[in-house]
Amino acid sequence: MADIVQVKRTPLIRAPRACSRLGRWVLGLVIFLSMVATAPPGAMAAPYAAMVIDARTGEVLHSRNADTRLHPASLTKMMTLYIAFEAVRNGEISLDTKVKISRNAASEQPSKLGLKTGQRIAFRYLIRAAAVKSANDAATAIGETLAGSEAAFARRMTRTAKALGMSRTTFKNAHGLTQKGHMSTARDMTTLGRHLLYDYPEYYNLFSRRSTDAGVRKVPNTNRRLLAAYRGADGIKTGYTRAAGFNLVASAERGNERVIATVFGGKSSTSRNAKVAELLDLGFRRAPSRAKLRRPARPPYQGNRGLGTQLASAGDSTPNGAAGKTIRVSGLVKTSLRPKGRPASAAPEVPTLLAEAQTDTATVDAPTVETPTAASEEAAPKLDRDVLQASITAAIAEAEVIAAVAEQASTPIAKPRPFVGLRPMARPARLAENQTTAEPEPVVVTRLSTSGGRYWGINVGRYGSRYQAEKVLLRTALAEMATLDGSLRKVVRTPRGFDANFLGMTKESAALACRRLSARNITCETVGPS
């Protein structure tokens with residue numbers, strides 16, 4: 001009986017302890033599940049991916065999960081800007097075009113410039129805001145302006161990505177806020193960064209600005225900490241959403257070496273920047289000191305062809321970003337009509353060509369030139385009509401000359417008589433005496449100055465190598481021929497680098513050139529006589 005009682009007492013004594021342990025376990029599970037359910041997506045670690053390449057050759061120096069499709073966040077704006085640069089170069093729009101902000105663009109979530117519905121702003125300021133501030137409203141306004149709607153622009157972005165070789169990228173918007181199907185990879189974004197660098201070098205300086213004037217206000221660069229902390233860093237673009245984590249495509253140049261590094265899924269901006277700096281260091285260690293530059297091939301320009309949309313007029317955008325007026329995409333002449341040849345029946349009669357004229361006999365043998373007929377044209381359809389007409393004209397002229405020679409050959413040729421003319425009279429003695437006595441004293445003439453007061457010049461930047469400075473000088477000279485024509489391009493080596501200068505200018509022409517270059521966002525300073 002005691003044993004039975006003892007067995008009954010055991011559960012009564014241990015039951016509270018078991019219930020207590022079970023309760024704590026259930027309570028902990030409930031708390032954990034509630035934290036997971038209520039935690040923002042950013043609290044969960046975003047997938048990590050990385051890529052490092054030698055920008056000069058495209059050689060991969062490091063990769064990890066580089067082909068995993070992830071959320072690109074604001075790295076998306078690199079493609080938005082790439083298409084904006086493409087549109088300006090091909091005449092779709094100019095940097096000074098006034099853009100009317102739609103309700104859709106003005107309502108975008110931060111980060112934003114703070115544009116208002118109906119506000120008008122120059123296209124150049126939208127580019128600056130998207131590149132430096134990473135403004136979502138500016139990116140949307142760019143897309144709506146160029147393609148009529150954000151959806152149509154996203155299709156153009158995806159098509160351009162495929163043309164660049166970004167095979168695992170699909171865009172759904174112009175700004176990069178999280179949206180289903182809006183995905184890319186570390187490899188594809190690294191490829192895009194390289195194309196931005198080499199396809200549109202005239203705009204690349206935007207990404208290295210610590211701040212910029214965006215029209216409505218001055219905005220700081222979202223990448224300013226890395227630009228200030230890492231030697232040689234000069235771009236490119238940051239990105240962050242809760243789903244993506246902290247992303248960054250960075251580029252740095254040291255001497256003749258340039259490296260591009262990409263990180264997806266950073267836990268914070270600080271840790272992301274540290275990781276990118278580590279990857280850039282790895283890239284510089286692995287990259288050869290000298291390598292032949294192999295620029296990536298720029299894709300053919302297609303504009304909005306094949307997208308099935310109308311272009312919204314840049315200065316008259318509709319509130320919802322719908323299609324409006326159609327603007328001219330390009331003023332380039334694609335084809336020109338070939339001028340029609342002169343009809344064969346209207347061609348003048350072709351005289352007989354003389355192959356040889358002999359003075360002993362009056363007999364001349366010469367082949368004849370056949371006039372081209374319609375039958376002969378059908379037999380040789382590939383013959384260029386312009387070349388044929390020119391040949392006919394030349395043959396007629398030749399025939400006339402040879403006919404004249406033959407006519408002269410039929411008459412006896414008189415022996416040439418020596419020329420009998422007036423001998424020149426000797427100079428009068430008195431004139432010779434006057435000349436000798438009046439001979440002026442020799443005058444030493446020094447070298448005349450050809451500068452015409454051209455002691456001024458302009459400086460368009462300081463660079464790490466002579467080659468880069470000379471390349472910038474050539475590109476600038478081609479871009480501003482009106483004011484730089486006749487000036488001297490000169491690279492001056494200094495302890496800090498290589499200065500790219502244009503010399504031999506007047507003070508007025510130097511000032512004018514700087515004003516025009518500054519309007520194109522090209523660094524310029526006047527250099528006075530030393």
# chains A, B, ... in the order shown; residues from 1 in each chain; ligands from 1
>>> residues_around(residues="range 49-57 of chain A", least_positions_apart="6", cutoff="10 Å", atoms="only C-alpha atoms", output="CSV table (one decimal) with all heavy atoms, in the first residue's frame")
chain,number,residue,atom,x,y,z
A,63,SER,N,34.7,36.8,-56.9
A,63,SER,CA,33.3,36.7,-57.0
A,63,SER,C,32.7,35.8,-55.9
A,63,SER,O,33.4,34.8,-55.6
A,63,SER,CB,32.8,36.2,-58.4
A,63,SER,OG,33.2,34.9,-58.6
A,64,ARG,N,31.5,36.1,-55.5
A,64,ARG,CA,30.8,35.3,-54.5
A,64,ARG,C,29.3,35.5,-54.7
A,64,ARG,O,28.9,36.6,-54.6
A,64,ARG,CB,31.3,35.6,-53.1
A,64,ARG,CG,30.6,34.7,-52.0
A,64,ARG,CD,31.1,35.0,-50.7
A,64,ARG,NE,30.4,34.2,-49.7
A,64,ARG,CZ,30.6,34.3,-48.3
A,64,ARG,NH1,31.5,35.2,-47.9
A,64,ARG,NH2,29.9,33.6,-47.5
A,65,ASN,N,28.6,34.5,-55.0
A,65,ASN,CA,27.2,34.6,-55.3
A,65,ASN,C,26.9,35.6,-56.4
A,65,ASN,O,25.9,36.3,-56.3
A,65,ASN,CB,26.4,34.9,-54.0
A,65,ASN,CG,26.6,33.8,-52.9
A,65,ASN,OD1,26.7,32.6,-53.2
A,65,ASN,ND2,26.6,34.3,-51.7
A,66,ALA,N,27.8,35.8,-57.3
A,66,ALA,CA,27.8,36.9,-58.3
A,66,ALA,C,26.6,36.8,-59.2
A,66,ALA,O,26.2,37.8,-59.8
A,66,ALA,CB,29.1,37.0,-59.0
A,67,ASP,N,26.1,35.5,-59.4
A,67,ASP,CA,25.0,35.3,-60.4
A,67,ASP,C,23.6,35.1,-59.7
A,67,ASP,O,22.7,34.7,-60.3
A,67,ASP,CB,25.3,34.2,-61.3
A,67,ASP,CG,26.5,34.5,-62.2
A,67,ASP,OD1,26.5,35.5,-62.8
A,67,ASP,OD2,27.4,33.6,-62.3
A,68,THR,N,23.6,35.3,-58.4
A,68,THR,CA,22.3,35.2,-57.6
A,68,THR,C,21.5,36.4,-57.8
A,68,THR,O,21.9,37.5,-57.6
A,68,THR,CB,22.6,35.0,-56.1
A,68,THR,OG1,23.5,33.9,-55.9
A,68,THR,CG2,21.3,34.8,-55.3
A,69,ARG,N,20.2,36.2,-58.2
A,69,ARG,CA,19.3,37.3,-58.5
A,69,ARG,C,18.8,37.9,-57.1
A,69,ARG,O,18.2,37.2,-56.3
A,69,ARG,CB,18.1,36.9,-59.3
A,69,ARG,CG,18.4,36.7,-60.8
A,69,ARG,CD,17.3,36.0,-61.5
A,69,ARG,NE,16.0,36.6,-61.4
A,69,ARG,CZ,15.6,37.6,-62.2
A,69,ARG,NH1,16.4,38.1,-63.2
A,69,ARG,NH2,14.4,38.2,-62.1
A,70,LEU,N,19.1,39.2,-56.9
A,70,LEU,CA,18.8,39.9,-55.7
A,70,LEU,C,18.2,41.2,-56.0
A,70,LEU,O,18.2,41.6,-57.1
A,70,LEU,CB,20.1,40.0,-54.9
A,70,LEU,CG,20.9,38.8,-54.5
A,70,LEU,CD1,22.2,39.1,-53.9
A,70,LEU,CD2,20.0,37.9,-53.5
A,185,THR,N,21.9,41.1,-60.4
A,185,THR,CA,22.9,40.3,-59.8
A,185,THR,C,24.2,41.2,-59.6
A,185,THR,O,24.3,42.3,-60.3
A,185,THR,CB,23.3,39.1,-60.7
A,185,THR,OG1,24.0,39.6,-61.9
A,185,THR,CG2,22.1,38.2,-61.0
A,186,ALA,N,25.1,40.8,-58.8
A,186,ALA,CA,26.3,41.5,-58.6
A,186,ALA,C,27.1,41.6,-59.9
A,186,ALA,O,27.7,42.6,-60.2
A,186,ALA,CB,27.1,40.8,-57.5
A,187,ARG,N,27.1,40.5,-60.6
A,187,ARG,CA,27.8,40.5,-61.9
A,187,ARG,C,27.3,41.5,-62.9
A,187,ARG,O,28.0,42.3,-63.5
A,187,ARG,CB,27.8,39.1,-62.5
A,187,ARG,CG,28.7,39.0,-63.8
A,187,ARG,CD,28.5,37.6,-64.5
A,187,ARG,NE,28.9,36.6,-63.5
A,187,ARG,CZ,30.1,36.1,-63.3
A,187,ARG,NH1,31.1,36.7,-64.0
A,187,ARG,NH2,30.3,35.1,-62.5
A,188,ASP,N,25.9,41.5,-63.0
A,188,ASP,CA,25.3,42.4,-64.0
A,188,ASP,C,25.5,43.9,-63.6
A,188,ASP,O,25.8,44.8,-64.4
A,188,ASP,CB,23.8,42.1,-64.0
A,188,ASP,CG,23.5,40.9,-64.9
A,188,ASP,OD1,24.5,40.3,-65.4
A,188,ASP,OD2,22.3,40.5,-65.0
A,189,MET,N,25.4,44.2,-62.3
A,189,MET,CA,25.6,45.6,-61.8
A,189,MET,C,27.1,46.0,-62.0
A,189,MET,O,27.4,47.2,-62.3
A,189,MET,CB,25.2,45.8,-60.4
A,189,MET,CG,23.7,45.8,-60.3
A,189,MET,SD,23.0,47.3,-61.1
A,189,MET,CE,21.3,46.9,-61.4
A,190,THR,N,28.0,45.1,-61.9
A,190,THR,CA,29.4,45.4,-62.1
A,190,THR,C,29.6,45.7,-63.6
A,190,THR,O,30.3,46.6,-64.0
A,190,THR,CB,30.3,44.2,-61.7
A,190,THR,OG1,30.0,43.9,-60.3
A,190,THR,CG2,31.8,44.6,-61.8
A,191,THR,N,29.0,44.9,-64.5
A,191,THR,CA,29.0,45.2,-65.9
A,191,THR,C,28.5,46.6,-66.2
A,191,THR,O,29.1,47.3,-67.0
A,191,THR,CB,28.2,44.1,-66.6
A,191,THR,OG1,28.8,42.8,-66.4
A,191,THR,CG2,28.2,44.4,-68.1
A,193,GLY,N,28.3,49.2,-64.3
A,193,GLY,CA,29.2,50.2,-63.8
A,193,GLY,C,30.4,50.4,-64.7
A,193,GLY,O,30.8,51.6,-65.0
A,194,ARG,N,30.9,49.3,-65.3
A,194,ARG,CA,32.0,49.5,-66.3
A,194,ARG,C,31.5,50.2,-67.6
A,194,ARG,O,32.3,51.0,-68.1
A,194,ARG,CB,32.5,48.1,-66.6
A,194,ARG,CG,33.8,48.1,-67.5
A,194,ARG,CD,34.4,46.7,-67.6
A,194,ARG,NE,35.6,46.7,-68.4
A,194,ARG,CZ,35.8,46.1,-69.6
A,194,ARG,NH1,34.8,45.5,-70.1
A,194,ARG,NH2,36.9,46.2,-70.2
A,195,HIS,N,30.3,49.9,-68.0
A,195,HIS,CA,29.8,50.6,-69.2
A,195,HIS,C,29.6,52.1,-68.9
A,195,HIS,O,29.9,52.9,-69.8
A,195,HIS,CB,28.5,49.9,-69.7
A,195,HIS,CG,28.7,48.8,-70.6
A,195,HIS,ND1,28.9,48.9,-71.9
A,195,HIS,CD2,28.8,47.4,-70.3
A,195,HIS,CE1,29.1,47.7,-72.5
A,195,HIS,NE2,29.0,46.8,-71.5
A,197,LEU,N,31.4,53.9,-67.0
A,197,LEU,CA,32.7,54.5,-67.0
A,197,LEU,C,33.2,54.7,-68.4
A,197,LEU,O,33.8,55.8,-68.7
A,197,LEU,CB,33.6,53.6,-66.2
A,197,LEU,CG,35.1,53.9,-66.2
A,197,LEU,CD1,35.4,55.3,-65.5
A,197,LEU,CD2,35.9,52.8,-65.5
A,198,TYR,N,33.1,53.7,-69.3
A,198,TYR,CA,33.8,53.8,-70.6
A,198,TYR,C,32.8,54.3,-71.7
A,198,TYR,O,33.3,54.9,-72.7
A,198,TYR,CB,34.4,52.5,-70.9
A,198,TYR,CG,35.6,52.1,-70.1
A,198,TYR,CD1,35.5,51.1,-69.2
A,198,TYR,CD2,36.7,52.9,-70.2
A,198,TYR,CE1,36.6,50.7,-68.4
A,198,TYR,CE2,37.8,52.6,-69.4
A,198,TYR,CZ,37.8,51.5,-68.5
A,198,TYR,OH,38.9,51.2,-67.8
A,247,ASN,N,23.7,48.1,-50.5
A,247,ASN,CA,24.4,47.7,-51.7
A,247,ASN,C,25.3,48.9,-52.1
A,247,ASN,O,25.1,50.0,-51.8
A,247,ASN,CB,23.4,47.4,-52.9
A,247,ASN,CG,22.5,46.3,-52.5
A,247,ASN,OD1,22.7,45.6,-51.6
A,247,ASN,ND2,21.5,46.1,-53.3
A,248,LEU,N,26.3,48.5,-52.9
A,248,LEU,CA,27.3,49.6,-53.4
A,248,LEU,C,28.1,49.0,-54.6
A,248,LEU,O,28.6,47.9,-54.6
A,248,LEU,CB,28.2,50.0,-52.3
A,248,LEU,CG,29.4,51.0,-52.7
A,248,LEU,CD1,28.8,52.3,-53.3
A,248,LEU,CD2,30.2,51.3,-51.5
A,249,VAL,N,28.1,49.8,-55.7
A,249,VAL,CA,29.1,49.6,-56.8
A,249,VAL,C,30.1,50.7,-56.7
A,249,VAL,O,29.7,51.9,-56.8
A,249,VAL,CB,28.4,49.6,-58.2
A,249,VAL,CG1,29.4,49.4,-59.3
A,249,VAL,CG2,27.4,48.5,-58.2
A,250,ALA,N,31.4,50.4,-56.5
A,250,ALA,CA,32.4,51.4,-56.3
A,250,ALA,C,33.5,51.1,-57.3
A,250,ALA,O,33.8,50.0,-57.7
A,250,ALA,CB,33.0,51.3,-54.9
A,251,SER,N,34.2,52.3,-57.7
A,251,SER,CA,35.3,52.2,-58.6
A,251,SER,C,36.4,53.1,-58.0
A,251,SER,O,36.2,54.1,-57.4
A,251,SER,CB,34.9,52.7,-60.0
A,251,SER,OG,36.0,52.7,-60.8
A,252,ALA,N,37.6,52.6,-58.2
A,252,ALA,CA,38.8,53.4,-57.7
A,252,ALA,C,39.9,53.2,-58.7
A,252,ALA,O,40.1,52.2,-59.4
A,252,ALA,CB,39.2,52.9,-56.3
A,253,GLU,N,40.7,54.3,-58.8
A,253,GLU,CA,41.9,54.3,-59.7
A,253,GLU,C,43.1,54.7,-59.0
A,253,GLU,O,43.2,55.7,-58.2
A,253,GLU,CB,41.6,55.2,-60.9
A,253,GLU,CG,42.7,55.2,-61.9
A,253,GLU,CD,42.4,56.2,-63.1
A,253,GLU,OE1,41.9,57.3,-62.8
A,253,GLU,OE2,42.8,55.9,-64.2
A,256,ASN,N,48.0,53.4,-63.0
A,256,ASN,CA,47.4,52.9,-64.3
A,256,ASN,C,46.4,51.8,-64.0
A,256,ASN,O,45.9,51.2,-65.0
A,256,ASN,CB,48.5,52.3,-65.1
A,256,ASN,CG,49.5,53.4,-65.6
A,256,ASN,OD1,49.1,54.5,-65.9
A,256,ASN,ND2,50.8,53.0,-65.7
A,257,GLU,N,46.1,51.5,-62.8
A,257,GLU,CA,45.2,50.5,-62.4
A,257,GLU,C,43.8,51.0,-62.0
A,257,GLU,O,43.7,52.1,-61.4
A,257,GLU,CB,45.7,49.6,-61.3
A,257,GLU,CG,47.1,49.0,-61.6
A,257,GLU,CD,47.7,48.3,-60.4
A,257,GLU,OE1,46.9,48.0,-59.4
A,257,GLU,OE2,48.9,48.1,-60.3
A,258,ARG,N,42.7,50.4,-62.5
A,258,ARG,CA,41.4,50.7,-62.0
A,258,ARG,C,40.6,49.5,-61.7
A,258,ARG,O,40.6,48.5,-62.5
A,258,ARG,CB,40.6,51.5,-63.1
A,258,ARG,CG,39.2,51.9,-62.7
A,258,ARG,CD,38.5,52.7,-63.7
A,258,ARG,NE,38.9,54.1,-63.6
A,258,ARG,CZ,38.4,55.0,-62.7
A,258,ARG,NH1,37.5,54.6,-61.8
A,258,ARG,NH2,38.8,56.3,-62.8
A,259,VAL,N,39.9,49.5,-60.6
A,259,VAL,CA,39.2,48.3,-60.1
A,259,VAL,C,37.8,48.7,-59.8
A,259,VAL,O,37.5,49.8,-59.3
A,259,VAL,CB,39.9,47.7,-58.8
A,259,VAL,CG1,39.0,46.6,-58.2
A,259,VAL,CG2,41.3,47.2,-59.1
A,260,ILE,N,36.8,47.8,-60.1
A,260,ILE,CA,35.4,48.0,-59.8
A,260,ILE,C,35.0,46.9,-58.8
A,260,ILE,O,35.2,45.7,-59.1
A,260,ILE,CB,34.5,48.0,-61.0
A,260,ILE,CG1,34.9,49.2,-61.9
A,260,ILE,CG2,33.0,48.1,-60.6
A,260,ILE,CD1,34.1,49.2,-63.2
A,261,ALA,N,34.4,47.2,-57.7
A,261,ALA,CA,33.9,46.3,-56.7
A,261,ALA,C,32.4,46.5,-56.4
A,261,ALA,O,32.0,47.6,-56.3
A,261,ALA,CB,34.7,46.4,-55.4
A,262,THR,N,31.7,45.4,-56.3
A,262,THR,CA,30.3,45.4,-56.0
A,262,THR,C,29.9,44.6,-54.8
A,262,THR,O,30.4,43.5,-54.7
A,262,THR,CB,29.5,44.9,-57.2
A,262,THR,OG1,29.7,45.8,-58.4
A,262,THR,CG2,28.0,45.0,-57.0
A,263,VAL,N,29.1,45.1,-53.9
A,263,VAL,CA,28.6,44.4,-52.8
A,263,VAL,C,27.1,44.5,-52.7
A,263,VAL,O,26.5,45.6,-52.8
A,263,VAL,CB,29.2,44.9,-51.5
A,263,VAL,CG1,28.5,44.4,-50.2
A,263,VAL,CG2,30.7,44.5,-51.4
A,264,PHE,N,26.4,43.3,-52.5
A,264,PHE,CA,25.0,43.3,-52.2
A,264,PHE,C,24.8,42.7,-50.8
A,264,PHE,O,25.6,41.8,-50.3
A,264,PHE,CB,24.3,42.3,-53.2
A,264,PHE,CG,23.9,42.9,-54.5
A,264,PHE,CD1,24.8,43.4,-55.3
A,264,PHE,CD2,22.5,42.9,-54.9
A,264,PHE,CE1,24.4,43.9,-56.5
A,264,PHE,CE2,22.1,43.4,-56.1
A,264,PHE,CZ,23.1,43.9,-56.9
A,265,GLY,N,23.8,43.2,-50.1
A,265,GLY,CA,23.4,42.7,-48.8
A,265,GLY,C,24.2,43.1,-47.6
A,265,GLY,O,24.4,42.3,-46.6
A,266,GLY,N,24.8,44.3,-47.6
A,266,GLY,CA,25.6,44.7,-46.4
A,266,GLY,C,24.6,45.0,-45.3
A,266,GLY,O,23.4,45.3,-45.4
A,275,LYS,N,33.7,46.6,-46.2
A,275,LYS,CA,33.8,45.4,-47.1
A,275,LYS,C,34.2,45.8,-48.5
A,275,LYS,O,35.1,45.2,-49.1
A,275,LYS,CB,32.5,44.7,-47.1
A,275,LYS,CG,32.5,43.3,-47.9
A,275,LYS,CD,33.5,42.4,-47.2
A,275,LYS,CE,33.6,41.0,-47.9
A,275,LYS,NZ,34.5,40.1,-47.3
A,276,VAL,N,33.7,46.9,-49.0
A,276,VAL,CA,34.0,47.4,-50.4
A,276,VAL,C,35.5,47.8,-50.4
A,276,VAL,O,36.2,47.5,-51.3
A,276,VAL,CB,33.1,48.5,-50.8
A,276,VAL,CG1,33.7,49.2,-52.0
A,276,VAL,CG2,31.7,48.0,-51.1
A,279,LEU,N,37.5,44.7,-50.6
A,279,LEU,CA,37.5,44.1,-51.9
A,279,LEU,C,38.3,45.0,-52.9
A,279,LEU,O,39.0,44.4,-53.8
A,279,LEU,CB,36.1,44.0,-52.4
A,279,LEU,CG,35.2,43.0,-51.6
A,279,LEU,CD1,33.7,43.1,-52.1
A,279,LEU,CD2,35.7,41.6,-51.8
A,280,LEU,N,38.3,46.3,-52.8
A,280,LEU,CA,39.1,47.1,-53.7
A,280,LEU,C,40.6,46.8,-53.5
A,280,LEU,O,41.4,46.8,-54.4
A,280,LEU,CB,38.8,48.6,-53.5
A,280,LEU,CG,37.4,49.1,-54.0
A,280,LEU,CD1,37.1,50.5,-53.5
A,280,LEU,CD2,37.3,49.0,-55.5
A,282,LEU,N,41.8,44.1,-52.4
A,282,LEU,CA,42.1,42.8,-53.0
A,282,LEU,C,42.3,42.9,-54.5
A,282,LEU,O,43.1,42.3,-55.1
A,282,LEU,CB,40.9,41.8,-52.7
A,282,LEU,CG,41.0,40.4,-53.2
A,282,LEU,CD1,40.3,39.4,-52.2
A,282,LEU,CD2,40.3,40.3,-54.6
A,283,GLY,N,41.4,43.7,-55.1
A,283,GLY,CA,41.5,43.9,-56.6
A,283,GLY,C,42.8,44.6,-57.0
A,283,GLY,O,43.4,44.1,-58.0
A,284,PHE,N,43.3,45.6,-56.2
A,284,PHE,CA,44.6,46.2,-56.6
A,284,PHE,C,45.7,45.2,-56.4
A,284,PHE,O,46.7,45.3,-57.1
A,284,PHE,CB,44.7,47.5,-55.8
A,284,PHE,CG,43.9,48.6,-56.3
A,284,PHE,CD1,43.0,49.2,-55.5
A,284,PHE,CD2,44.2,49.1,-57.6
A,284,PHE,CE1,42.2,50.3,-56.0
A,284,PHE,CE2,43.4,50.2,-58.0
A,284,PHE,CZ,42.5,50.8,-57.3
A,286,ARG,N,45.6,42.0,-56.9
A,286,ARG,CA,45.5,40.9,-57.9
A,286,ARG,C,45.6,41.5,-59.4
A,286,ARG,O,46.0,40.8,-60.3
A,286,ARG,CB,44.2,40.1,-57.8
A,286,ARG,CG,44.1,39.4,-56.5
A,286,ARG,CD,42.9,38.5,-56.5
A,286,ARG,NE,42.8,37.7,-55.2
A,286,ARG,CZ,41.8,36.9,-54.9
A,286,ARG,NH1,40.8,36.7,-55.8
A,286,ARG,NH2,41.9,36.2,-53.8
A,287,ALA,N,45.3,42.8,-59.6
A,287,ALA,CA,45.3,43.3,-60.9
A,287,ALA,C,46.7,43.6,-61.3
A,287,ALA,O,47.6,44.0,-60.5
A,287,ALA,CB,44.5,44.6,-60.9
A,288,PRO,N,47.1,43.3,-62.6
A,288,PRO,CA,48.4,43.6,-63.1
A,288,PRO,C,48.7,45.1,-63.1
A,288,PRO,O,47.7,45.9,-63.3
A,288,PRO,CB,48.4,43.0,-64.5
A,288,PRO,CG,47.0,42.9,-64.9
A,288,PRO,CD,46.2,42.7,-63.7
A,290,ARG,N,50.3,46.7,-65.4
A,290,ARG,CA,50.1,47.2,-66.7
A,290,ARG,C,49.2,46.2,-67.5
A,290,ARG,O,49.4,45.0,-67.4
A,290,ARG,CB,51.4,47.3,-67.5
A,290,ARG,CG,52.3,48.4,-66.9
A,290,ARG,CD,53.5,48.6,-67.8
A,290,ARG,NE,54.4,49.6,-67.2
A,290,ARG,CZ,54.2,50.9,-67.5
A,290,ARG,NH1,53.2,51.3,-68.3
A,290,ARG,NH2,55.0,51.8,-67.0
A,291,ALA,N,48.2,46.8,-68.1
A,291,ALA,CA,47.2,45.9,-68.9
A,291,ALA,C,46.7,46.8,-70.0
A,291,ALA,O,46.4,48.0,-69.9
A,291,ALA,CB,46.1,45.4,-68.0
A,292,LYS,N,46.5,46.2,-71.2
A,292,LYS,CA,46.0,46.9,-72.3
A,292,LYS,C,44.5,47.2,-72.1
A,292,LYS,O,43.7,46.3,-71.7
A,292,LYS,CB,46.2,46.1,-73.6
A,292,LYS,CG,45.7,46.8,-74.9
A,292,LYS,CD,46.0,46.0,-76.1
A,292,LYS,CE,45.5,46.7,-77.4
A,292,LYS,NZ,45.8,45.9,-78.6
A,293,LEU,N,44.1,48.4,-72.3
A,293,LEU,CA,42.7,48.8,-72.1
A,293,LEU,C,41.8,48.1,-73.2
A,293,LEU,O,42.0,48.3,-74.4
A,293,LEU,CB,42.5,50.3,-72.2
A,293,LEU,CG,41.1,50.8,-72.1
A,293,LEU,CD1,40.4,50.4,-70.8
A,293,LEU,CD2,41.1,52.3,-72.2
A,294,ARG,N,40.8,47.4,-72.8
A,294,ARG,CA,39.8,46.8,-73.7
A,294,ARG,C,38.5,47.4,-73.4
A,294,ARG,O,37.8,46.8,-72.5
A,294,ARG,CB,39.9,45.3,-73.7
A,294,ARG,CG,41.2,44.7,-74.1
A,294,ARG,CD,41.0,43.2,-74.4
A,294,ARG,NE,40.7,42.4,-73.2
A,294,ARG,CZ,41.6,41.9,-72.4
A,294,ARG,NH1,42.9,42.0,-72.7
A,294,ARG,NH2,41.2,41.2,-71.4
A,295,ARG,N,38.1,48.4,-74.0
A,295,ARG,CA,36.8,49.0,-73.7
A,295,ARG,C,35.6,48.1,-74.1
A,295,ARG,O,35.7,47.4,-75.1
A,295,ARG,CB,36.6,50.3,-74.5
A,295,ARG,CG,37.6,51.4,-74.2
A,295,ARG,CD,37.4,52.6,-75.0
A,295,ARG,NE,38.4,53.6,-74.7
A,295,ARG,CZ,38.3,54.6,-73.8
A,295,ARG,NH1,37.1,54.6,-73.1
A,295,ARG,NH2,39.2,55.5,-73.5
A,296,PRO,N,34.6,48.1,-73.3
A,296,PRO,CA,33.4,47.3,-73.6
A,296,PRO,C,32.7,47.8,-74.8
A,296,PRO,O,32.7,49.1,-75.1
A,296,PRO,CB,32.5,47.3,-72.4
A,296,PRO,CG,32.9,48.6,-71.7
A,296,PRO,CD,34.4,48.8,-72.0
>>> residues_around(residues="Asn521 in chain A", least_positions_apart="4", cutoff="9 Å", atoms="only C-alpha atoms", output="list in words")
Glu202, Tyr203, Asn205, Leu206 and Leu517 of chain A
>>> write_last_selection(atoms="all heavy atoms", output="mmCIF file, in the first residue's frame")
data_model
loop_
_atom_site.group_PDB
_atom_site.id
_atom_site.type_symbol
_atom_site.label_atom_id
_atom_site.label_comp_id
_atom_site.auth_asym_id
_atom_site.auth_seq_id
_atom_site.Cartn_x
_atom_site.Cartn_y
_atom_site.Cartn_z
ATOM 1 N N GLU A 202 32.221 61.435 -70.214
ATOM 2 C CA GLU A 202 32.001 62.860 -70.002
ATOM 3 C C GLU A 202 31.048 63.141 -68.842
ATOM 4 O O GLU A 202 31.008 64.270 -68.327
ATOM 5 C CB GLU A 202 31.464 63.511 -71.288
ATOM 6 C CG GLU A 202 30.099 63.013 -71.729
ATOM 7 C CD GLU A 202 30.188 61.841 -72.693
ATOM 8 O OE1 GLU A 202 31.152 61.056 -72.582
ATOM 9 O OE2 GLU A 202 29.291 61.696 -73.546
ATOM 10 N N TYR A 203 30.277 62.139 -68.433
ATOM 11 C CA TYR A 203 29.356 62.318 -67.316
ATOM 12 C C TYR A 203 29.829 61.619 -66.044
ATOM 13 O O TYR A 203 29.198 61.763 -64.993
ATOM 14 C CB TYR A 203 27.973 61.765 -67.680
ATOM 15 C CG TYR A 203 27.308 62.484 -68.834
ATOM 16 C CD1 TYR A 203 27.212 61.877 -70.088
ATOM 17 C CD2 TYR A 203 26.787 63.761 -68.689
ATOM 18 C CE1 TYR A 203 26.612 62.525 -71.156
ATOM 19 C CE2 TYR A 203 26.188 64.418 -69.744
ATOM 20 C CZ TYR A 203 26.105 63.791 -70.983
ATOM 21 O OH TYR A 203 25.518 64.440 -72.027
ATOM 22 N N ASN A 205 32.124 62.104 -63.984
ATOM 23 C CA ASN A 205 32.522 62.939 -62.849
ATOM 24 C C ASN A 205 31.373 63.209 -61.886
ATOM 25 O O ASN A 205 31.595 63.586 -60.736
ATOM 26 C CB ASN A 205 33.099 64.267 -63.351
ATOM 27 C CG ASN A 205 32.030 65.154 -63.980
ATOM 28 O OD1 ASN A 205 31.363 65.943 -63.300
ATOM 29 N ND2 ASN A 205 31.853 65.039 -65.287
ATOM 30 N N LEU A 206 30.126 63.021 -62.340
ATOM 31 C CA LEU A 206 28.978 63.227 -61.454
ATOM 32 C C LEU A 206 29.072 62.341 -60.213
ATOM 33 O O LEU A 206 28.722 62.761 -59.106
ATOM 34 C CB LEU A 206 27.676 62.903 -62.194
ATOM 35 C CG LEU A 206 27.156 63.916 -63.209
ATOM 36 C CD1 LEU A 206 26.007 63.320 -64.002
ATOM 37 C CD2 LEU A 206 26.710 65.186 -62.505
ATOM 38 N N LEU A 517 32.423 75.374 -71.146
ATOM 39 C CA LEU A 517 32.740 74.056 -70.604
ATOM 40 C C LEU A 517 32.060 73.823 -69.260
ATOM 41 O O LEU A 517 31.590 72.717 -68.978
ATOM 42 C CB LEU A 517 34.255 73.897 -70.460
ATOM 43 C CG LEU A 517 35.040 73.825 -71.779
ATOM 44 C CD1 LEU A 517 36.535 73.828 -71.511
ATOM 45 C CD2 LEU A 517 34.661 72.582 -72.571
#
>>> residues_around(residues="Ser518 in chain A", least_positions_apart="4", cutoff="12 Å", atoms="only C-alpha atoms", output="PyMOL selection string")
chain A and resi 458-460+476+480+511-514+522-526
